[in-house]
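Visitor: The following file, coords18.csv, comprises CSV, C-alpha atoms and all ligand atoms:
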```csv
chain,number,residue,atom,x,y,z
W,1193,MET,CA,13.4,-93.1,-51.3
W,1194,ASN,CA,16.7,-91.8,-52.6
W,1195,ILE,CA,16.6,-88.4,-54.3
W,1196,GLY,CA,19.5,-86.8,-56.2
W,1197,ILE,CA,19.4,-83.0,-56.4
W,1198,PHE,CA,21.8,-80.8,-58.2
W,1199,ASP,CA,22.6,-77.2,-59.1
W,1200,SER,CA,25.7,-75.3,-60.1
W,1201,GLY,CA,26.3,-74.3,-56.5
W,1202,LEU,CA,24.5,-72.9,-53.5
W,1203,GLY,CA,21.2,-72.2,-55.3
W,1204,GLY,CA,19.7,-75.6,-55.1
W,1205,LEU,CA,19.9,-75.4,-51.3
W,1206,THR,CA,17.0,-72.9,-51.4
W,1207,ILE,CA,14.9,-75.8,-52.7
W,1208,ILE,CA,16.4,-78.4,-50.3
W,1209,LYS,CA,15.6,-76.1,-47.4
W,1210,THR,CA,11.9,-76.3,-48.2
W,1211,MET,CA,12.1,-80.0,-49.0
W,1212,LEU,CA,13.7,-80.7,-45.6
W,1213,GLU,CA,11.0,-78.7,-43.8
W,1214,ASN,CA,8.1,-80.4,-45.6
W,1215,LEU,CA,9.0,-83.9,-46.6
W,1216,HIS,CA,9.5,-87.0,-44.5
W,1217,GLY,CA,11.4,-90.2,-45.1
W,1218,VAL,CA,13.7,-89.0,-47.9
W,1219,GLU,CA,17.4,-89.6,-48.3
W,1220,MET,CA,18.7,-86.6,-50.3
W,1221,PHE,CA,22.0,-86.4,-52.1
W,1222,TYR,CA,23.0,-82.9,-53.3
W,1223,ILE,CA,25.7,-82.1,-55.8
W,1224,ALA,CA,26.9,-78.5,-56.1
W,1225,ASP,CA,28.7,-78.4,-59.4
W,1226,THR,CA,30.8,-75.4,-58.5
W,1227,ALA,CA,33.7,-76.6,-60.7
W,1228,ASN,CA,31.5,-75.8,-63.7
W,1229,ALA,CA,29.6,-72.7,-62.3
W,1230,PRO,CA,28.1,-70.5,-63.4
W,1231,TYR,CA,25.9,-72.6,-65.7
W,1232,GLY,CA,24.0,-69.5,-66.8
W,1233,GLU,CA,27.0,-68.3,-68.9
W,1234,LYS,CA,27.7,-71.7,-70.5
W,1235,THR,CA,26.4,-73.2,-73.8
W,1236,LYS,CA,23.4,-75.6,-74.0
W,1237,GLU,CA,25.7,-78.4,-75.0
W,1238,GLN,CA,28.0,-77.8,-72.0
W,1239,ILE,CA,25.0,-77.8,-69.6
W,1240,ILE,CA,23.6,-81.0,-71.1
W,1241,ASP,CA,27.0,-82.6,-70.6
W,1242,PHE,CA,27.3,-81.5,-66.9
W,1243,SER,CA,23.7,-82.5,-66.2
W,1244,THR,CA,24.0,-86.0,-67.8
W,1245,LYS,CA,27.3,-86.8,-66.0
W,1246,ILE,CA,25.8,-85.8,-62.6
W,1247,THR,CA,22.7,-87.9,-63.2
W,1248,GLN,CA,24.8,-90.9,-64.1
W,1249,TYR,CA,26.9,-90.3,-61.0
W,1250,PHE,CA,23.8,-90.3,-58.8
W,1251,ILE,CA,22.5,-93.5,-60.4
W,1252,ASP,CA,25.8,-95.3,-60.1
W,1253,LYS,CA,26.6,-94.2,-56.5
W,1254,PHE,CA,23.3,-93.9,-54.8
W,1255,GLN,CA,20.7,-95.7,-57.0
W,1256,ILE,CA,18.4,-92.7,-56.9
W,1257,ASP,CA,14.7,-93.1,-57.5
W,1258,ALA,CA,14.1,-89.5,-58.4
W,1259,LEU,CA,16.1,-86.5,-59.7
W,1260,VAL,CA,15.4,-82.9,-58.9
W,1261,VAL,CA,17.1,-80.4,-61.2
W,1262,ALA,CA,17.2,-77.6,-58.7
W,1263,CYS,CA,18.4,-75.2,-61.3
W,1264,ASN,CA,16.3,-73.2,-63.8
W,1265,THR,CA,19.3,-73.0,-66.3
W,1266,ALA,CA,19.9,-76.8,-66.3
W,1267,THR,CA,16.2,-77.5,-66.6
W,1268,SER,CA,15.9,-75.1,-69.6
W,1269,ALA,CA,18.9,-76.6,-71.3
W,1270,ALA,CA,18.9,-80.3,-70.4
W,1271,ILE,CA,15.7,-81.7,-69.0
W,1272,LYS,CA,14.4,-82.9,-72.4
W,1273,GLU,CA,17.7,-84.9,-72.9
W,1274,LEU,CA,17.7,-86.2,-69.4
W,1275,ARG,CA,14.1,-87.5,-69.7
W,1276,GLU,CA,15.0,-89.2,-73.0
W,1277,GLN,CA,18.1,-90.7,-71.6
W,1278,TYR,CA,16.6,-91.9,-68.3
W,1279,PRO,CA,13.0,-92.8,-69.1
W,1280,ASP,CA,12.5,-94.8,-65.8
W,1281,LEU,CA,13.7,-92.0,-63.5
W,1282,ILE,CA,11.3,-89.6,-61.9
W,1283,ILE,CA,12.7,-86.2,-63.0
W,1284,ILE,CA,11.4,-82.9,-61.6
W,1285,GLY,CA,12.7,-79.6,-63.0
W,1286,THR,CA,12.6,-76.0,-61.9
W,1287,GLU,CA,11.0,-73.3,-64.1
W,1288,PRO,CA,10.4,-69.6,-63.5
W,1289,GLY,CA,7.1,-69.0,-61.8
W,1290,LEU,CA,5.8,-66.5,-64.4
W,1291,LYS,CA,2.2,-67.6,-64.3
W,1292,PRO,CA,1.8,-67.3,-60.5
W,1293,ALA,CA,3.5,-63.9,-60.7
W,1294,ILE,CA,1.1,-62.6,-63.4
W,1295,SER,CA,-1.9,-63.8,-61.2
W,1296,HIS,CA,-0.5,-62.0,-58.2
W,1297,SER,CA,0.4,-58.7,-59.9
W,1298,HIS,CA,-2.0,-55.8,-59.5
W,1299,SER,CA,-0.1,-53.4,-61.8
W,1300,LYS,CA,0.2,-56.2,-64.4
W,1301,LYS,CA,3.8,-55.3,-64.7
W,1302,VAL,CA,6.0,-58.2,-63.8
W,1303,GLY,CA,9.7,-58.5,-63.7
W,1304,ILE,CA,11.8,-61.6,-64.2
W,1305,LEU,CA,15.4,-62.0,-63.2
W,1306,ALA,CA,17.2,-65.1,-64.5
W,1307,THR,CA,20.5,-66.2,-66.0
W,1308,PRO,CA,21.3,-65.3,-69.6
W,1309,ALA,CA,21.0,-69.0,-70.6
W,1310,THR,CA,17.5,-69.3,-69.1
W,1311,LEU,CA,16.2,-66.1,-70.7
W,1312,ASN,CA,17.6,-67.1,-74.1
W,1313,GLY,CA,16.3,-70.7,-73.8
W,1314,GLU,CA,13.5,-71.9,-75.9
W,1315,LYS,CA,11.5,-73.2,-72.9
W,1316,TYR,CA,11.2,-69.8,-71.3
W,1317,LYS,CA,10.4,-68.0,-74.6
W,1318,LEU,CA,7.6,-70.4,-75.3
W,1319,LEU,CA,6.2,-69.9,-71.8
W,1320,ARG,CA,6.4,-66.1,-72.0
W,1321,ASP,CA,4.8,-66.0,-75.5
W,1322,GLU,CA,1.9,-68.3,-74.4
W,1323,LEU,CA,1.2,-66.3,-71.2
W,1324,SER,CA,1.5,-62.9,-73.1
W,1325,LYS,CA,-1.3,-64.1,-75.4
W,1326,GLN,CA,-3.5,-65.1,-72.5
W,1327,TYR,CA,-3.0,-62.2,-70.1
W,1328,LYS,CA,-2.6,-58.4,-70.6
W,1329,VAL,CA,0.7,-58.0,-68.9
W,1330,ASP,CA,4.1,-56.2,-69.4
W,1331,VAL,CA,7.0,-58.5,-68.7
W,1332,PHE,CA,10.4,-56.9,-67.8
W,1333,GLU,CA,13.1,-59.4,-68.5
W,1334,GLN,CA,16.6,-59.0,-67.0
W,1335,ALA,CA,19.5,-61.3,-67.2
W,1336,CYS,CA,21.9,-61.0,-64.2
W,1337,PRO,CA,25.4,-62.1,-65.3
W,1338,GLY,CA,27.7,-62.0,-62.3
W,1339,LEU,CA,25.0,-62.3,-59.6
W,1340,VAL,CA,25.5,-66.0,-59.0
W,1341,GLN,CA,29.3,-65.4,-58.5
W,1342,GLN,CA,28.5,-62.6,-55.9
W,1343,ILE,CA,26.1,-65.0,-54.1
W,1344,GLU,CA,28.7,-67.9,-54.1
W,1345,LEU,CA,31.1,-65.4,-52.4
W,1346,GLY,CA,28.5,-64.6,-49.7
W,1347,GLU,CA,28.2,-61.0,-51.0
W,1348,LEU,CA,24.5,-60.8,-50.5
W,1349,ASP,CA,24.2,-57.1,-49.7
W,1350,THR,CA,27.7,-55.7,-50.3
W,1351,PRO,CA,28.0,-52.4,-52.2
W,1352,LYS,CA,29.0,-54.2,-55.4
W,1353,THR,CA,25.9,-56.5,-55.3
W,1354,LEU,CA,23.6,-53.6,-54.5
W,1355,SER,CA,25.1,-51.6,-57.3
W,1356,LEU,CA,24.6,-54.5,-59.8
W,1357,LEU,CA,21.0,-54.9,-58.6
W,1358,GLU,CA,20.4,-51.1,-58.9
W,1359,GLY,CA,21.4,-51.2,-62.6
W,1360,TRP,CA,19.1,-54.1,-63.3
W,1361,LEU,CA,16.1,-53.1,-61.1
W,1362,ALA,CA,15.9,-49.3,-61.7
W,1363,PRO,CA,13.8,-49.7,-64.9
W,1364,MET,CA,11.4,-52.1,-63.1
W,1365,ARG,CA,11.1,-49.7,-60.1
W,1366,GLU,CA,10.4,-46.8,-62.5
W,1367,ALA,CA,7.8,-48.8,-64.4
W,1368,ASP,CA,5.8,-49.8,-61.3
W,1369,VAL,CA,6.6,-53.5,-61.3
W,1370,ASP,CA,5.0,-55.0,-58.2
W,1371,THR,CA,6.0,-58.7,-58.7
W,1372,ILE,CA,9.4,-60.2,-59.6
W,1373,VAL,CA,10.0,-63.8,-60.6
W,1374,LEU,CA,13.3,-65.1,-59.2
W,1375,GLY,CA,14.1,-67.3,-62.2
W,1376,CYS,CA,17.3,-68.7,-60.7
W,1377,THR,CA,17.5,-70.8,-57.5
W,1378,HIS,CA,20.3,-68.6,-56.2
W,1379,TYR,CA,18.3,-65.4,-56.3
W,1380,PRO,CA,16.1,-66.0,-53.2
W,1381,LEU,CA,19.4,-65.5,-51.3
W,1382,VAL,CA,19.4,-61.9,-52.3
W,1383,GLY,CA,15.7,-61.4,-51.9
W,1384,GLU,CA,16.1,-58.8,-49.1
W,1385,SER,CA,18.6,-56.8,-51.2
W,1386,ILE,CA,16.2,-56.9,-54.2
W,1387,LYS,CA,13.4,-55.5,-51.9
W,1388,LYS,CA,15.8,-52.8,-50.6
W,1389,VAL,CA,16.7,-51.7,-54.1
W,1390,MET,CA,13.1,-51.7,-55.3
W,1391,GLN,CA,12.2,-49.5,-52.3
W,1392,ARG,CA,8.9,-51.3,-51.9
W,1393,ASP,CA,7.5,-54.5,-50.6
W,1394,VAL,CA,7.6,-56.1,-54.0
W,1395,LYS,CA,6.3,-59.7,-54.2
W,1396,LEU,CA,9.1,-62.2,-55.0
W,1397,VAL,CA,8.1,-65.4,-56.6
W,1398,GLU,CA,10.3,-68.5,-56.1
W,1399,THR,CA,9.4,-72.1,-56.8
W,1400,SER,CA,10.7,-74.2,-53.9
W,1401,HIS,CA,7.2,-74.9,-52.5
W,1402,ALA,CA,5.9,-76.0,-56.0
W,1403,ILE,CA,8.8,-78.3,-56.4
W,1404,THR,CA,8.5,-79.8,-53.0
W,1405,LYS,CA,4.7,-80.4,-53.6
W,1406,ARG,CA,5.6,-82.1,-56.9
W,1407,VAL,CA,8.2,-84.4,-55.2
W,1408,ASP,CA,5.6,-85.3,-52.6
W,1409,GLU,CA,3.0,-86.1,-55.2
W,1410,LEU,CA,5.3,-88.2,-57.3
W,1411,CYS,CA,7.2,-90.0,-54.5
W,1412,HIS,CA,4.7,-90.1,-51.7
W,1413,ASP,CA,4.1,-93.9,-51.7
W,1414,SER,CA,7.8,-94.6,-51.3
W,1415,MET,CA,8.3,-92.0,-48.6
W,1416,LYS,CA,5.5,-92.8,-46.1
W,1417,CYS,CA,7.1,-95.6,-44.2
W,1418,LYS,CA,10.1,-93.6,-42.8
W,1419,ASN,CA,10.2,-90.6,-40.6
W,1420,GLY,CA,13.3,-88.4,-40.7
W,1421,ASN,CA,15.1,-87.0,-43.8
W,1422,SER,CA,18.8,-87.2,-44.4
W,1423,LEU,CA,21.0,-85.0,-46.6
W,1424,LYS,CA,24.5,-85.5,-47.9
W,1425,ILE,CA,26.2,-82.7,-49.7
W,1426,PHE,CA,28.9,-83.0,-52.4
W,1427,SER,CA,30.8,-80.4,-54.3
W,1428,THR,CA,32.9,-80.6,-57.4
W,1429,GLY,CA,34.8,-77.4,-56.5
W,1430,GLU,CA,35.1,-74.7,-53.9
W,1431,ILE,CA,32.0,-73.9,-51.9
W,1432,SER,CA,31.3,-71.7,-48.9
W,1433,GLN,CA,30.7,-73.8,-45.8
W,1434,SER,CA,29.4,-70.7,-43.9
W,1435,MET,CA,26.9,-70.0,-46.7
W,1436,ILE,CA,25.6,-73.6,-46.5
W,1437,GLU,CA,25.2,-73.2,-42.8
W,1438,MET,CA,23.4,-69.9,-43.1
W,1439,ILE,CA,21.0,-71.3,-45.7
W,1440,LEU,CA,20.2,-74.6,-44.0
W,1441,THR,CA,20.7,-73.3,-40.4
W,1442,GLN,CA,22.8,-76.4,-39.6
W,1443,LYS,CA,26.3,-77.6,-40.1
W,1444,TYR,CA,26.9,-80.1,-42.9
W,1445,TYR,CA,30.1,-82.0,-43.8
W,1446,ILE,CA,30.9,-81.4,-47.5
W,1447,THR,CA,32.5,-84.2,-49.5
W,1448,HIS,CA,34.5,-83.0,-52.5
W,1449,ILE,CA,34.1,-85.2,-55.6
W,1450,LYS,CA,35.3,-85.4,-59.2
W,1451,ILE,CA,32.7,-86.3,-61.8
I,1,LIG,N1,21.0,-71.7,-59.8
I,1,LIG,C1,20.9,-71.8,-61.2
I,1,LIG,C2,19.6,-71.5,-61.8
I,1,LIG,O1,18.6,-71.7,-61.2
I,1,LIG,C3,22.1,-71.4,-62.1
I,1,LIG,C4,23.1,-70.5,-61.7
I,1,LIG,C5,24.3,-70.5,-62.6
I,1,LIG,O2,25.1,-71.3,-62.4
I,1,LIG,O3,24.3,-69.6,-63.5
I,1,LIG,O4,19.5,-71.0,-62.9
```
Using structure tokens, write down the structure from this file.
Ligand code: DGL

Guide:
Amino acid sequence: MNIGIFDSGLGGLTIIKTMLENLHGVEMFYIADTANAPYGEKTKEQIIDFSTKITQYFIDKFQIDALVVACNTATSAAIKELREQYPDLIIIGTEPGLKPAISHSHSKKVGILATPATLNGEKYKLLRDELSKQYKVDVFEQACPGLVQQIELGELDTPKTLSLLEGWLAPMREADVDTIVLGCTHYPLVGESIKKVMQRDVKLVETSHAITKRVDELCHDSMKCKNGNSLKIFSTGEISQSMIEMILTQKYYITHIKI
């Protein structure tokens, strides 16, 4: 079972980590498209272009059976086009866990942090409007331009990152938000900083387990004959080796590619 997984950078590794811990018999190929990062500040057309080229690369080089779009922004902008263009490929996307967050919240005040492109995308707006009709809840949306760049630099809890988070989170703290959706796969990497700024044990909702479960459901029959997993990491630009090691708690050799 060959699975291609991609994101604009380190973020998708937060999903790979959970996949490595819970799946068996999978060959994973990861592309960090850092040459084009951050996706969240690009146009829909650009993100569709990056996503299509990466998918084609996976098919040509590794004959993938399934694709995991380990990026909320690329899922929002491009998954429809990818499914139309590759109807035979299993394609699994990443979407903000707004529904589980609403169920979990006691105060019924839920925050969502995501990239500008995800929050402006039609997919998210439809989800939010549908859930707002079903549940009595206040949703506090906050785009975090610049946060992905801080994370790529390994600045998880530096004064600059904490000060950005303070500006974005202060209104949520004051409004008694008790649950925050991490609507970008990079953001679990600053989970501790978010809790620190919120000054409470706020519940953070990320989607790596839901995605892993979906991969298992859709790919189980092809995976069951083999035991171990393998992972190869590729990057289209600069990427922090030490951050990769910190996230996956293991050293990986990174192959630089041009797509
Ligand atoms: N990690 C990505 C996401 O889940 C995108 C980050 C970016 O490049 O802006 O949205």

Visitor: Determine the nearest neighbour of ligand LIG 1 (chain I) from the options W:Gln1341, W:Thr1350, W:Ser1432, W:Ser1295, counting only C-alpha atoms and all ligand atoms.

Guide: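 Once distances to ligand LIG 1 (chain I) are computed over only C-alpha atoms and all ligand atoms, the minimum belongs to W:Gln1341.
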
Visitor: Nearest residue to Lys1245 (chain W) out of W:His1448, W:Val1329, W:Leu1202, W:Thr1428, using all atoms listed in the file?

Guide: W:Thr1428

Visitor: For ligand LIG 1 (chain I), list the contacting residues at 7 Å or closer, counting all atoms listed in the file, as a list in words.

Guide: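 Counting all atoms listed in the file, the residues within 7 Å of ligand LIG 1 (chain I) come out as Asp1199, Ser1200, Gly1201, Gly1203, Gly1204, Ala1229, Pro1230, Tyr1231, Gly1232, Glu1233, Ala1262, Cys1263, Asn1264, Thr1265, Ala1266, Ala1306, Thr1307, Thr1310, Val1340, Gly1375, Cys1376, Thr1377 and His1378 of chain W.
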
Visitor: Produce a table with one row for each residue of region 1195-1229 of chain W that has an atom at most 7 Å from any atom of region 1400-1414 of chain W, each row naming the nearest atom pair and its distance in Å at one decimal; use only C-alpha atoms; arrange rows by chain and rising residue number; format as CSV.

Guide:
```
residue,atom,partner,partner_atom,distance
W:Thr1206,CA,W:Ser1400,CA,6.9
W:Ile1207,CA,W:Ser1400,CA,4.7
W:Thr1210,CA,W:Ser1400,CA,6.2
W:Met1211,CA,W:Thr1404,CA,5.4
```

Visitor: To one decimal in Å, tell me the separation between CA of Glu1287 (chain W) and CA of Val1260 (chain W).

Guide: 11.8 Å

Visitor: Any idea what the distance is between CA of Leu1318 (chain W) and CA of Val1369 (chain W)?

Guide: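 The value is 22.0 Å.
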
Visitor: Nearest residue to Ser1355 (chain W) out of W:Met1193, W:Ile1386, W:Ile1240, W:Leu1440, using only C-alpha atoms?

Guide: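 Closest to Ser1355 (chain W) of all the choices is W:Ile1386.
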
Visitor: Looking at all atoms listed in the file, which of W:Ser1299, W:Gln1334, W:Ser1385, W:Gln1255 is the one that sits closest to Pro1363 (chain W)?

Guide: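 For Pro1363 (chain W), the nearest of the candidates is W:Gln1334.
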
Visitor: Determine, counting all atoms listed in the file, which protein, DNA and RNA residues have an atom within 7 Å of an atom of Val1261 (chain W); residues of the same chain fewer than 4 positions away are not included. Present the result as a tab-separated table (two decimals) with C-alpha atoms, in the coordinates of the input.

Guide:
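Saved file selection-v1.tsv follows:
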```tsv
chain	number	residue	atom	x	y	z
W	1197	ILE	CA	19.40	-83.00	-56.40
W	1198	PHE	CA	21.80	-80.80	-58.20
W	1199	ASP	CA	22.60	-77.20	-59.10
W	1266	ALA	CA	19.90	-76.80	-66.30
W	1267	THR	CA	16.20	-77.50	-66.60
W	1284	ILE	CA	11.40	-82.90	-61.60
W	1285	GLY	CA	12.70	-79.60	-63.00
W	1286	THR	CA	12.60	-76.00	-61.90
```

Visitor: Which of these, W:Phe1250, W:Asn1312, W:Leu1305, W:Ile1271, has the shortest distance to Lys1234 (chain W) once you count only C-alpha atoms?

Guide: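 Looking at the shortest contact to Lys1234 (chain W), the residue is W:Asn1312.
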
Visitor: Can you pull out every residue within 9 Å of Leu1396 (chain W), counting all atoms listed in the file, but drop anything in the same chain fewer than 4 positions away, and send it as a ChimeraX atom specification?

Guide: /W:1293,1370-1374,1380,1383,1386-1387
